[in-house]
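These notes are about the structure you will find just below.
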Amino acid sequence: MMDMNTENTASEREILRIKEVADRFKQNVGTVIVGRTDIVELCFAALLCEGHILMEDVPGVGKTSLARAIARSVKGTFKRIQCTPDLLPSDVTGIHFFNQKTGEFEFRAGPVVANIVLVDEINRATPRTQSCFLECMQERQVTADLETITLPRPFMLIATQNPIELEGTFALPEAQLDRFLLKVPMGYPTTDEEIQLLHRFQAAKPLEVIESIVTTSELLELQASCSRVYVDDSVRGYITAVARATREDPTMRLGASPRGTLALQQTSQALAAMNGRDFVLPDDVKRLAVPVLAHRLLLETSATVHGLGADAAIDRILSSVPVPVD
Amino acid sequence: MTLPRMNRMLLPAVLLGMQACWLYAWTALVEAYAIGSYTLAAAIVLFMPVGAIVYSFLRMLPVRTIVHTICYWAIWIILTAITGKLLLFTSIPWMQPEWVYALPRALGQLLFETRPAELLLLLGSACAWHLGNRPVRKAIDHSTVLGDFQFGLMLLIGALLAAQGLDAPAEHHVLLALAFFALSLTGIAITRSRQDDSGASLLTRRHFASSLAGLLLTVSLLGLLASVAVTPALLNAIVDGVRHIGHLIGAVFAFFASLLPGSEFAPIEEPPPPSGDDSELREFYRGIPWPPMLRRIMFILWLIIVAGMVLFALWRICSQILDWFKRRSDTRGIEMESLDSGLLADILAFLLWVRDGVSRMAHRAMQLITRTMPHQGEQTWSEVYASFVRWSGRRIRARRISESVHEYQRALSQLHPDASPELILVTDIYARARYGGHVPDTVTVREMAQAALRIRRTRRRQTSETDLSTERE
């Protein structure tokens with residue numbers, strides 16, 4: 001019935017597989033996290049892009065639970081790092097120790113060497129320790145005592161931070177924020193969701209019984225398929241136009257980086273595939289612009305004083321950039 | 001007849017009356033000057049209520065708006081021909097078809113000769129017929145009546161000055177002006193009271209028309225009393241001055257009227273040329289061998305342009321003055337719009353209106369041509385969607401530039417839930433082709449085109465049903 005543009009694009013079977021796994025993932029994580037399907041969807045999109053997630057919100061809204069549920073849904077290695085001001089880089093990357101039996105120095109990998117790493121309260125770590133995440137986030141490797149160790153694939157870092165408690169915390173530098181694919185605000189549940197939460201957690205502990213639904217090798221295949229989702233030139237132009245608009249906007253001190261533009265395309269591809277499409281729509285870009293770009297932007301002081309947030313600024317930009325339609 | 005029904009008919013009747021006043025003033029003036037009678041003017045004004053009644057009946061028919069319009073104007077053609085037969089061509093027997101062609105022939109021969117009676121009947125009745133359906137077609141609110149009051153007032157003043165300049169009898173103009181003011185104030189009071197039912201009087205609500213009327217009355221009375229008290233000669237001098245200004249303005253109209261052939265009035269004495277004798281220059285211009293038809297066309301175009309400019313300028317000045325009164329009486333601290341920018345805005349709005357009208361006509365002509373021409377080939381998916389978006393933009397809601405096709409589809413679906421499946425189908429096929437490179441085959445494109453057609457039909461059916469239900473209510 002239709003002429004397919006099959007040149008180096010994901011096949012229908014691959015797209016169906018991604019959609020099926022995405023649905024199962026949402027259902028699986030949904031047993032722990034009540035509601036918030038949009039956030040769970042974003043998290044799976046980040047998994048498909050092998051990107052890192054920064055979860056920011058007040059304590060007790062389920063950031064760590066969500067991170068753990070995501071980690072448990074993937075059948076791979078999972079490590080957790082609880083950040084404190086006295087955490088050292090070597091506590092993250094690993095150390096060389098002298099093995100008295102063999103009489104040699106051996107490398108003991110730190111908790112960052114895992115498929116999924118939960119970095120809890122990342123802003124409590126000192127800048128020195130925070131910087132040790134830069135290399136592993138971007139290059140998927142760590143260097144300890146002049147030795148470089150490649151991290152296992154897929155590698156995903158899920159960091160949480162609390163924006164309220166500022167005492168004894170260190171704000172993440174822009175370079176590190178830019179390395180996070182998405183920033184996900186959790187938000188409070190609705191009344192119905194909260195009642196459902198009480199019911200569900202009254203006697204059971206869903207997090208302990210959650211099953212993994214995808215292996216790491218499967219996830220790598222899905223990632224490869226996802227990167228072949230078709231992006232029309234006009235949609236690429238739209239992504240670029242949005243990114244450029246953030247740089248030219250007078251209320252912005254720092255606009256979206258090219259890495260942000262690339263992230264917007266990757267996540268749009270993932271979202272399209274999760275919805276069973278083998279092509280990206282401008283709607284995907286619009287849907288993801290805020291979670292992908294907002295944390296990369298720096299607003300002018302005057303805009304901040306007037307109560308304008310990055311989310312609102314992006315919404316305003318989206319309402320002015322023309323969508324490609326013939 | 002029940003009271004609510006009478007209430008509903010009152011405003012259209014008032015608006016018709018207001019329009020009839022200035023239309024009669026002008027048609028009677030032209031008829032008196034060019035033909036020397038008043039029978040046509042009365043007949044022309046009668047077209048207006050007849051048009052209103054005919055249009056009311058036509059609207060009850062469950063057909064498309066274009067059919068209403070065609071039927072409405074077809075009836076005008078018949079009525080104009082019959083009126084012409086009764087008033088102008090009484091000597092031609094009913095059985096001979098000459099009286100049917102007489103009026104169109106007068107229009108067709110405009111470039112060669114002027115037949116004032118036929119032309120007046122044609123143009124005047126068309127104007128009256130168009131104005132007749134206006135109160136029925138248009139929702140009459142406060143601003144509509146105010147706008148008609150301003151416009152009618154200027155036309156009445158113009159008619160009065162023209163009559164003075166032409167030395168034409170103008171007794172009926174006073175009655176017309178009184179009737180016009182009475183109807184206008186009635187209309188304004190009714191619409192205002194519908195807008196605000198707080199029960200306060202018009203003056204306490206600082207209403208524009210009543211404030212203006214009160215102001216004019218007070219100033220006139222006080223001025224008159226003061227003038228008479230100081231010296232009667234002063235009053236006479238003011239009256240003479242006003243009359244002189246009126247005569248000067250009337251001379252302008254007399255100049256335009258002198259261009260029309262068949263004047264039965266004595267020509268106005270022209271003042272001597274300001275300097276020298278220009279008879280040689282006039283002879284030189286007359287000696288230029290212009291073709292008579294070209295001369296005639298240029299004359300008609302010049303007349304239209306000059307008359308249009310004068311009317312436009314008068315309307316604009318009147319509008320500014322009344323707007324100033326309105327602002328003075330209603331609000332504080334609001335900035336006055338300058339005359340230049342206002343005029344520019346009006347000209348731009350007028351040009352945009354002309355452009356829209358021309359493009360609409362061109363679009364309809366293209367549609368007609370494409371329908372009548374043999375089918376050249378299938379439409380592409382992009383053509384189908386572009387055509388659909390153009391149509392929905394005009395009839396339902398225009399797509400914003402930042403709106404994606406699916407957002408637009410959701411907005412349209414909210415407005416027309418019945419057409420939601422078709423909207424989704426059209427949008428999905430377009431999106432798959434446009435952003436996914438899945439070019440649909442001819443069968444799919446045909447499905448898409450049929451879905452777009454179904455959306456249009458659904459919309460038309462809903463519009464007709466809404467019109468009918470509104471009419472019944």
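In the structure tokens, each chain is lettered A, B, ... as it comes, each chain's residues begin at 1, and ligands are numbered from 1 in order of appearance.
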
Pull out every residue of chain A sitting within 8 Å of chain B, counting only C-alpha atoms, and send them as an MDAnalysis selection string.
chainID A and resid 1:5 230:232 234:235 278:283 318:326

Residues of region 166-314 of chain A in helix (DSSP H, G or I), written as a tab-separated table (two decimals) with N, CA, C and O atoms, in the first residue's frame:
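Done, and the output landed in selection33.tsv:
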chain	number	residue	atom	x	y	z
A	174	GLU	N	28.12	23.70	34.57
A	174	GLU	CA	27.38	23.65	33.30
A	174	GLU	C	27.85	22.50	32.42
A	174	GLU	O	27.03	21.86	31.74
A	175	ALA	N	29.16	22.24	32.45
A	175	ALA	CA	29.70	21.17	31.61
A	175	ALA	C	29.09	19.82	32.00
A	175	ALA	O	28.83	18.97	31.15
A	176	GLN	N	28.87	19.66	33.31
A	176	GLN	CA	28.29	18.39	33.76
A	176	GLN	C	26.79	18.31	33.46
A	176	GLN	O	26.29	17.28	33.03
A	177	LEU	N	26.10	19.44	33.65
A	177	LEU	CA	24.67	19.46	33.35
A	177	LEU	C	24.44	19.13	31.87
A	177	LEU	O	23.48	18.45	31.51
A	178	ASP	N	25.32	19.66	31.02
A	178	ASP	CA	25.16	19.45	29.58
A	178	ASP	C	25.32	17.98	29.21
A	178	ASP	O	24.85	17.54	28.17
A	179	ARG	N	25.99	17.22	30.07
A	179	ARG	CA	26.19	15.80	29.77
A	179	ARG	C	24.98	14.95	30.13
A	179	ARG	O	24.94	13.77	29.78
A	191	THR	N	-4.01	13.40	43.99
A	191	THR	CA	-4.68	12.77	45.15
A	191	THR	C	-4.99	11.30	44.88
A	191	THR	O	-4.72	10.43	45.71
A	192	ASP	N	-5.52	11.04	43.70
A	192	ASP	CA	-5.86	9.65	43.35
A	192	ASP	C	-4.61	8.77	43.33
A	192	ASP	O	-4.62	7.64	43.83
A	193	GLU	N	-3.55	9.34	42.76
A	193	GLU	CA	-2.30	8.57	42.68
A	193	GLU	C	-1.75	8.31	44.06
A	193	GLU	O	-1.23	7.21	44.35
A	194	GLU	N	-1.88	9.28	44.93
A	194	GLU	CA	-1.36	9.11	46.29
A	194	GLU	C	-2.16	8.05	47.05
A	194	GLU	O	-1.59	7.24	47.81
A	195	ILE	N	-3.49	8.04	46.84
A	195	ILE	CA	-4.32	7.02	47.49
A	195	ILE	C	-3.94	5.63	46.97
A	195	ILE	O	-3.79	4.68	47.73
A	196	GLN	N	-3.74	5.57	45.66
A	196	GLN	CA	-3.34	4.30	45.05
A	196	GLN	C	-1.98	3.84	45.59
A	196	GLN	O	-1.75	2.65	45.83
A	197	LEU	N	-1.11	4.82	45.80
A	197	LEU	CA	0.23	4.54	46.36
A	197	LEU	C	0.11	3.92	47.75
A	197	LEU	O	0.78	2.93	48.07
A	198	LEU	N	-0.79	4.49	48.55
A	198	LEU	CA	-0.97	3.97	49.91
A	198	LEU	C	-1.48	2.53	49.89
A	198	LEU	O	-1.04	1.68	50.65
A	199	HIS	N	-2.43	2.29	48.98
A	199	HIS	CA	-2.96	0.93	48.83
A	199	HIS	C	-1.86	-0.03	48.45
A	199	HIS	O	-1.70	-1.10	49.05
A	200	ARG	N	-1.08	0.36	47.46
A	200	ARG	CA	-0.10	-0.56	46.88
A	200	ARG	C	1.03	-0.87	47.86
A	200	ARG	O	1.54	-1.98	47.91
A	206	PRO	N	6.84	-3.55	46.26
A	206	PRO	CA	6.95	-3.87	44.83
A	206	PRO	C	8.36	-3.77	44.29
A	206	PRO	O	8.73	-4.50	43.37
A	207	LEU	N	9.16	-2.90	44.88
A	207	LEU	CA	10.51	-2.72	44.37
A	207	LEU	C	11.35	-3.99	44.52
A	207	LEU	O	12.27	-4.23	43.74
A	208	GLU	N	11.00	-4.78	45.52
A	208	GLU	CA	11.80	-5.98	45.76
A	208	GLU	C	11.40	-7.13	44.84
A	208	GLU	O	12.16	-8.07	44.65
A	209	VAL	N	10.19	-7.06	44.33
A	209	VAL	CA	9.74	-8.18	43.49
A	209	VAL	C	9.74	-7.82	42.00
A	209	VAL	O	9.33	-8.62	41.17
A	216	THR	N	20.99	-6.66	28.72
A	216	THR	CA	21.86	-5.60	28.20
A	216	THR	C	22.10	-5.76	26.70
A	216	THR	O	22.16	-4.78	25.96
A	217	SER	N	22.25	-7.03	26.25
A	217	SER	CA	22.48	-7.23	24.81
A	217	SER	C	21.25	-6.82	24.00
A	217	SER	O	21.37	-6.20	22.94
A	218	GLU	N	20.07	-7.14	24.55
A	218	GLU	CA	18.84	-6.71	23.86
A	218	GLU	C	18.75	-5.19	23.81
A	218	GLU	O	18.37	-4.60	22.80
A	219	LEU	N	19.12	-4.60	24.93
A	219	LEU	CA	19.06	-3.14	25.00
A	219	LEU	C	20.00	-2.50	23.98
A	219	LEU	O	19.66	-1.50	23.33
A	220	LEU	N	21.17	-3.10	23.81
A	220	LEU	CA	22.11	-2.57	22.81
A	220	LEU	C	21.52	-2.67	21.40
A	220	LEU	O	21.68	-1.77	20.57
A	221	GLU	N	20.83	-3.80	21.15
A	221	GLU	CA	20.19	-3.95	19.82
A	221	GLU	C	19.10	-2.90	19.63
A	221	GLU	O	18.97	-2.30	18.56
A	222	LEU	N	18.32	-2.69	20.68
A	222	LEU	CA	17.26	-1.69	20.59
A	222	LEU	C	17.85	-0.30	20.36
A	222	LEU	O	17.31	0.50	19.59
A	223	GLN	N	18.96	-0.05	21.02
A	223	GLN	CA	19.62	1.26	20.83
A	223	GLN	C	20.07	1.45	19.39
A	223	GLN	O	19.91	2.52	18.80
A	224	ALA	N	20.60	0.37	18.82
A	224	ALA	CA	21.06	0.45	17.43
A	224	ALA	C	19.87	0.68	16.49
A	224	ALA	O	19.96	1.48	15.55
A	225	SER	N	18.78	-0.01	16.76
A	225	SER	CA	17.58	0.17	15.92
A	225	SER	C	17.05	1.59	16.05
A	225	SER	O	16.63	2.21	15.07
A	226	CYS	N	17.08	2.06	17.26
A	226	CYS	CA	16.52	3.39	17.54
A	226	CYS	C	17.28	4.49	16.80
A	226	CYS	O	16.70	5.45	16.31
A	233	ASP	N	14.73	15.87	6.75
A	233	ASP	CA	15.58	17.08	6.79
A	233	ASP	C	14.83	18.28	7.36
A	233	ASP	O	15.42	19.12	8.05
A	234	SER	N	13.54	18.35	7.05
A	234	SER	CA	12.77	19.49	7.56
A	234	SER	C	12.65	19.42	9.09
A	234	SER	O	12.67	20.45	9.77
A	235	VAL	N	12.56	18.19	9.62
A	235	VAL	CA	12.49	18.04	11.09
A	235	VAL	C	13.85	18.37	11.71
A	235	VAL	O	13.92	19.00	12.77
A	236	ARG	N	14.90	17.98	11.01
A	236	ARG	CA	16.25	18.37	11.49
A	236	ARG	C	16.35	19.89	11.51
A	236	ARG	O	16.90	20.48	12.45
A	237	GLY	N	15.84	20.50	10.45
A	237	GLY	CA	15.85	21.96	10.39
A	237	GLY	C	15.07	22.57	11.54
A	237	GLY	O	15.47	23.59	12.12
A	238	TYR	N	13.97	21.92	11.89
A	238	TYR	CA	13.15	22.42	13.00
A	238	TYR	C	13.92	22.31	14.33
A	238	TYR	O	13.92	23.26	15.14
A	239	ILE	N	14.60	21.17	14.52
A	239	ILE	CA	15.38	20.98	15.75
A	239	ILE	C	16.46	22.07	15.84
A	239	ILE	O	16.66	22.71	16.89
A	240	THR	N	17.12	22.29	14.73
A	240	THR	CA	18.18	23.31	14.70
A	240	THR	C	17.60	24.69	14.97
A	240	THR	O	18.22	25.50	15.69
A	241	ALA	N	16.44	24.95	14.39
A	241	ALA	CA	15.82	26.27	14.57
A	241	ALA	C	15.48	26.51	16.04
A	241	ALA	O	15.69	27.62	16.56
A	242	VAL	N	15.00	25.47	16.71
A	242	VAL	CA	14.67	25.60	18.14
A	242	VAL	C	15.95	25.88	18.94
A	242	VAL	O	15.98	26.77	19.79
A	243	ALA	N	16.99	25.11	18.61
A	243	ALA	CA	18.25	25.29	19.34
A	243	ALA	C	18.83	26.69	19.11
A	243	ALA	O	19.30	27.36	20.04
A	244	ARG	N	18.77	27.13	17.85
A	244	ARG	CA	19.31	28.45	17.53
A	244	ARG	C	18.50	29.55	18.22
A	244	ARG	O	19.05	30.56	18.66
A	245	ALA	N	17.21	29.32	18.29
A	245	ALA	CA	16.35	30.32	18.94
A	245	ALA	C	16.71	30.49	20.40
A	245	ALA	O	16.64	31.60	20.95
A	246	THR	N	17.15	29.39	21.05
A	246	THR	CA	17.56	29.51	22.46
A	246	THR	C	18.84	30.34	22.58
A	246	THR	O	19.05	31.03	23.56
A	247	ARG	N	19.67	30.25	21.52
A	247	ARG	CA	20.95	31.02	21.58
A	247	ARG	C	20.71	32.49	21.28
A	247	ARG	O	21.46	33.34	21.74
A	248	GLU	N	19.70	32.77	20.46
A	248	GLU	CA	19.46	34.16	20.05
A	248	GLU	C	18.43	34.86	20.92
A	248	GLU	O	18.21	36.05	20.76
A	258	PRO	N	25.46	22.38	20.85
A	258	PRO	CA	25.26	21.38	19.79
A	258	PRO	C	25.00	19.98	20.35
A	258	PRO	O	24.27	19.20	19.77
A	259	ARG	N	25.59	19.71	21.54
A	259	ARG	CA	25.30	18.42	22.18
A	259	ARG	C	23.82	18.33	22.54
A	259	ARG	O	23.20	17.27	22.43
A	260	GLY	N	23.28	19.47	22.93
A	260	GLY	CA	21.84	19.52	23.24
A	260	GLY	C	21.00	19.27	22.00
A	260	GLY	O	19.99	18.56	22.04
A	261	THR	N	21.43	19.85	20.86
A	261	THR	CA	20.71	19.63	19.60
A	261	THR	C	20.72	18.16	19.24
A	261	THR	O	19.69	17.58	18.84
A	262	LEU	N	21.90	17.56	19.40
A	262	LEU	CA	22.02	16.13	19.08
A	262	LEU	C	21.15	15.30	20.02
A	262	LEU	O	20.47	14.35	19.58
A	263	ALA	N	21.14	15.69	21.29
A	263	ALA	CA	20.32	14.96	22.26
A	263	ALA	C	18.85	15.06	21.92
A	263	ALA	O	18.09	14.08	22.05
A	264	LEU	N	18.44	16.23	21.43
A	264	LEU	CA	17.03	16.41	21.07
A	264	LEU	C	16.65	15.50	19.91
A	264	LEU	O	15.57	14.90	19.89
A	265	GLN	N	17.56	15.36	18.96
A	265	GLN	CA	17.26	14.46	17.83
A	265	GLN	C	17.21	13.01	18.30
A	265	GLN	O	16.30	12.26	17.94
A	266	GLN	N	18.20	12.61	19.12
A	266	GLN	CA	18.25	11.21	19.58
A	266	GLN	C	17.00	10.84	20.37
A	266	GLN	O	16.38	9.80	20.14
A	267	THR	N	16.65	11.70	21.31
A	267	THR	CA	15.47	11.38	22.14
A	267	THR	C	14.19	11.40	21.30
A	267	THR	O	13.28	10.63	21.56
A	268	SER	N	14.14	12.28	20.29
A	268	SER	CA	12.96	12.31	19.42
A	268	SER	C	12.85	11.00	18.66
A	268	SER	O	11.75	10.46	18.48
A	269	GLN	N	13.99	10.49	18.22
A	269	GLN	CA	13.99	9.19	17.53
A	269	GLN	C	13.46	8.10	18.47
A	269	GLN	O	12.64	7.27	18.07
A	270	ALA	N	13.96	8.15	19.72
A	270	ALA	CA	13.53	7.13	20.68
A	270	ALA	C	12.03	7.22	20.95
A	270	ALA	O	11.33	6.20	20.97
A	271	LEU	N	11.55	8.43	21.12
A	271	LEU	CA	10.12	8.61	21.41
A	271	LEU	C	9.26	8.14	20.24
A	271	LEU	O	8.21	7.51	20.44
A	272	ALA	N	9.73	8.45	19.02
A	272	ALA	CA	8.99	8.01	17.84
A	272	ALA	C	8.92	6.49	17.80
A	272	ALA	O	7.84	5.91	17.57
A	273	ALA	N	10.05	5.84	18.04
A	273	ALA	CA	10.05	4.37	18.02
A	273	ALA	C	9.17	3.79	19.12
A	273	ALA	O	8.47	2.80	18.91
A	274	MET	N	9.21	4.40	20.29
A	274	MET	CA	8.38	3.91	21.40
A	274	MET	C	6.90	4.03	21.07
A	274	MET	O	6.07	3.30	21.61
A	282	PRO	N	7.51	16.54	14.22
A	282	PRO	CA	7.81	17.76	15.00
A	282	PRO	C	7.19	17.71	16.40
A	282	PRO	O	7.71	18.33	17.33
A	283	ASP	N	6.09	16.96	16.55
A	283	ASP	CA	5.46	16.83	17.87
A	283	ASP	C	6.42	16.17	18.87
A	283	ASP	O	6.42	16.53	20.06
A	284	ASP	N	7.22	15.20	18.40
A	284	ASP	CA	8.19	14.56	19.28
A	284	ASP	C	9.20	15.59	19.79
A	284	ASP	O	9.56	15.61	20.96
A	285	VAL	N	9.64	16.44	18.86
A	285	VAL	CA	10.62	17.46	19.22
A	285	VAL	C	10.02	18.42	20.25
A	285	VAL	O	10.65	18.77	21.26
A	286	LYS	N	8.77	18.81	19.99
A	286	LYS	CA	8.12	19.75	20.92
A	286	LYS	C	7.92	19.12	22.30
A	286	LYS	O	8.09	19.77	23.32
A	287	ARG	N	7.58	17.84	22.28
A	287	ARG	CA	7.33	17.13	23.54
A	287	ARG	C	8.62	17.06	24.39
A	287	ARG	O	8.57	17.12	25.61
A	288	LEU	N	9.77	16.93	23.71
A	288	LEU	CA	11.02	16.67	24.43
A	288	LEU	C	11.87	17.92	24.64
A	288	LEU	O	12.90	17.85	25.32
A	289	ALA	N	11.47	19.02	24.05
A	289	ALA	CA	12.33	20.22	24.11
A	289	ALA	C	12.61	20.64	25.55
A	289	ALA	O	13.76	20.94	25.90
A	290	VAL	N	11.60	20.63	26.38
A	290	VAL	CA	11.81	21.09	27.76
A	290	VAL	C	12.69	20.12	28.54
A	290	VAL	O	13.71	20.54	29.11
A	291	PRO	N	12.37	18.82	28.61
A	291	PRO	CA	13.25	17.94	29.41
A	291	PRO	C	14.67	17.83	28.87
A	291	PRO	O	15.60	17.59	29.65
A	292	VAL	N	14.85	18.01	27.56
A	292	VAL	CA	16.20	17.85	27.00
A	292	VAL	C	17.00	19.16	27.09
A	292	VAL	O	18.20	19.13	27.35
A	293	LEU	N	16.34	20.29	26.88
A	293	LEU	CA	17.08	21.54	26.75
A	293	LEU	C	17.09	22.42	28.01
A	293	LEU	O	18.02	23.19	28.21
A	294	ALA	N	16.05	22.30	28.81
A	294	ALA	CA	15.88	23.30	29.89
A	294	ALA	C	17.08	23.37	30.82
A	294	ALA	O	17.52	24.46	31.20
A	295	HIS	N	17.65	22.21	31.19
A	295	HIS	CA	18.75	22.23	32.17
A	295	HIS	C	20.06	22.72	31.54
A	295	HIS	O	21.04	22.95	32.25
A	296	ARG	N	20.08	22.85	30.22
A	296	ARG	CA	21.30	23.31	29.55
A	296	ARG	C	21.33	24.83	29.40
A	296	ARG	O	22.32	25.38	28.93
A	301	THR	N	19.89	37.41	34.33
A	301	THR	CA	19.43	37.73	35.68
A	301	THR	C	18.09	38.46	35.65
A	301	THR	O	17.21	38.20	36.46
A	302	SER	N	17.96	39.36	34.66
A	302	SER	CA	16.71	40.14	34.59
A	302	SER	C	15.51	39.22	34.38
A	302	SER	O	14.44	39.41	34.95
A	303	ALA	N	15.71	38.20	33.55
A	303	ALA	CA	14.61	37.26	33.29
A	303	ALA	C	14.29	36.46	34.54
A	303	ALA	O	13.12	36.21	34.86
A	304	THR	N	15.33	36.06	35.25
A	304	THR	CA	15.12	35.28	36.48
A	304	THR	C	14.39	36.12	37.53
A	304	THR	O	13.52	35.63	38.22
A	305	VAL	N	14.80	37.40	37.60
A	305	VAL	CA	14.14	38.30	38.57
A	305	VAL	C	12.66	38.42	38.26
A	305	VAL	O	11.81	38.46	39.14
A	310	ALA	N	13.38	28.48	32.76
A	310	ALA	CA	13.84	27.93	31.48
A	310	ALA	C	12.71	27.21	30.76
A	310	ALA	O	12.61	27.27	29.53
A	311	ASP	N	11.84	26.55	31.52
A	311	ASP	CA	10.72	25.83	30.90
A	311	ASP	C	9.81	26.80	30.15
A	311	ASP	O	9.43	26.55	28.99
A	312	ALA	N	9.50	27.91	30.81
A	312	ALA	CA	8.62	28.90	30.18
A	312	ALA	C	9.29	29.53	28.97
A	312	ALA	O	8.63	29.79	27.96
A	313	ALA	N	10.61	29.74	29.09
A	313	ALA	CA	11.33	30.33	27.95
A	313	ALA	C	11.29	29.41	26.74
A	313	ALA	O	11.08	29.85	25.60
A	314	ILE	N	11.45	28.11	26.99
A	314	ILE	CA	11.40	27.15	25.87
A	314	ILE	C	9.99	27.09	25.29
A	314	ILE	O	9.81	27.03	24.07

Can you tell me which residues surround region 91-102 of chain A at a distance of at most 8 Å, considering only C-alpha atoms, apart from same-chain residues fewer than 6 positions away, and format the answer as a ChimeraX atom specification?
/A:81,108-113,129,132,142-145

For the residues selected in the previous step, produce a file with N, CA and C atoms as a JSON list (two decimals), in the first residue's frame.
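Final output, saved to part.json:
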[["chain", "number", "residue", "atom", "x", "y", "z"],
["A", 81, "ILE", "N", 25.83, 4.89, 44.31],
["A", 81, "ILE", "CA", 26.82, 5.74, 44.98],
["A", 81, "ILE", "C", 26.05, 6.79, 45.77],
["A", 108, "ARG", "N", 40.94, -2.49, 41.65],
["A", 108, "ARG", "CA", 39.61, -2.83, 42.17],
["A", 108, "ARG", "C", 38.66, -1.72, 41.67],
["A", 109, "ALA", "N", 37.76, -2.15, 40.78],
["A", 109, "ALA", "CA", 36.88, -1.16, 40.15],
["A", 109, "ALA", "C", 35.93, -0.54, 41.16],
["A", 110, "GLY", "N", 35.67, 0.71, 40.97],
["A", 110, "GLY", "CA", 34.72, 1.41, 41.83],
["A", 110, "GLY", "C", 33.28, 1.16, 41.41],
["A", 111, "PRO", "N", 32.35, 1.74, 42.12],
["A", 111, "PRO", "CA", 30.94, 1.47, 41.80],
["A", 111, "PRO", "C", 30.48, 2.04, 40.46],
["A", 112, "VAL", "N", 31.30, 2.91, 39.87],
["A", 112, "VAL", "CA", 30.88, 3.48, 38.58],
["A", 112, "VAL", "C", 30.98, 2.46, 37.46],
["A", 113, "VAL", "N", 31.71, 1.41, 37.69],
["A", 113, "VAL", "CA", 31.87, 0.39, 36.65],
["A", 113, "VAL", "C", 30.68, -0.57, 36.75],
["A", 129, "THR", "N", 35.01, 15.50, 43.19],
["A", 129, "THR", "CA", 34.40, 14.18, 42.96],
["A", 129, "THR", "C", 33.41, 14.23, 41.80],
["A", 132, "CYS", "N", 34.91, 13.72, 38.44],
["A", 132, "CYS", "CA", 35.32, 12.38, 38.00],
["A", 132, "CYS", "C", 34.22, 11.69, 37.22],
["A", 142, "VAL", "N", 36.80, 5.26, 32.57],
["A", 142, "VAL", "CA", 37.36, 5.93, 33.74],
["A", 142, "VAL", "C", 38.86, 5.77, 33.73],
["A", 143, "THR", "N", 39.53, 6.74, 34.28],
["A", 143, "THR", "CA", 40.99, 6.67, 34.35],
["A", 143, "THR", "C", 41.39, 6.70, 35.82],
["A", 144, "ALA", "N", 42.09, 5.67, 36.23],
["A", 144, "ALA", "CA", 42.55, 5.61, 37.62],
["A", 144, "ALA", "C", 44.01, 5.22, 37.61],
["A", 145, "ASP", "N", 44.82, 6.05, 38.25],
["A", 145, "ASP", "CA", 46.28, 5.79, 38.32],
["A", 145, "ASP", "C", 46.85, 5.51, 36.95]]

Please provide the set of residues having any atom within 12 Å of Phe44 (chain A), restricted to only C-alpha atoms, with same-chain residues fewer than 5 positions apart removed, written as a ChimeraX atom specification.
/A:18-19,21-29,37-39,49-53,66-67,69-71,73-74,156,158,181-182,214,219,222-223,226,267,270-271,273-275

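If you measure from each of A:Thr126, A:Thr160, A:Gln82, A:Thr9 to Glu56 (chain A) using only C-alpha atoms, the closest one turns out to be A:Thr160.
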
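In this structure, CA of Ala419 (chain B) sits 5.6 Å away from CA of Ile455 (chain B).
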
If you count only C-alpha atoms, which residues fall within 12 Å of Gly152 (chain B), apart from same-chain ones fewer than 3 positions away, as a PyMOL selection string?
chain B and resi 15-26+144-149+155-159+176-177+179-181+183-184+311+314-315+318-319

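In this model, the gap between CA of Arg192 (chain B) and CA of Val14 (chain B) comes to 14.1 Å.
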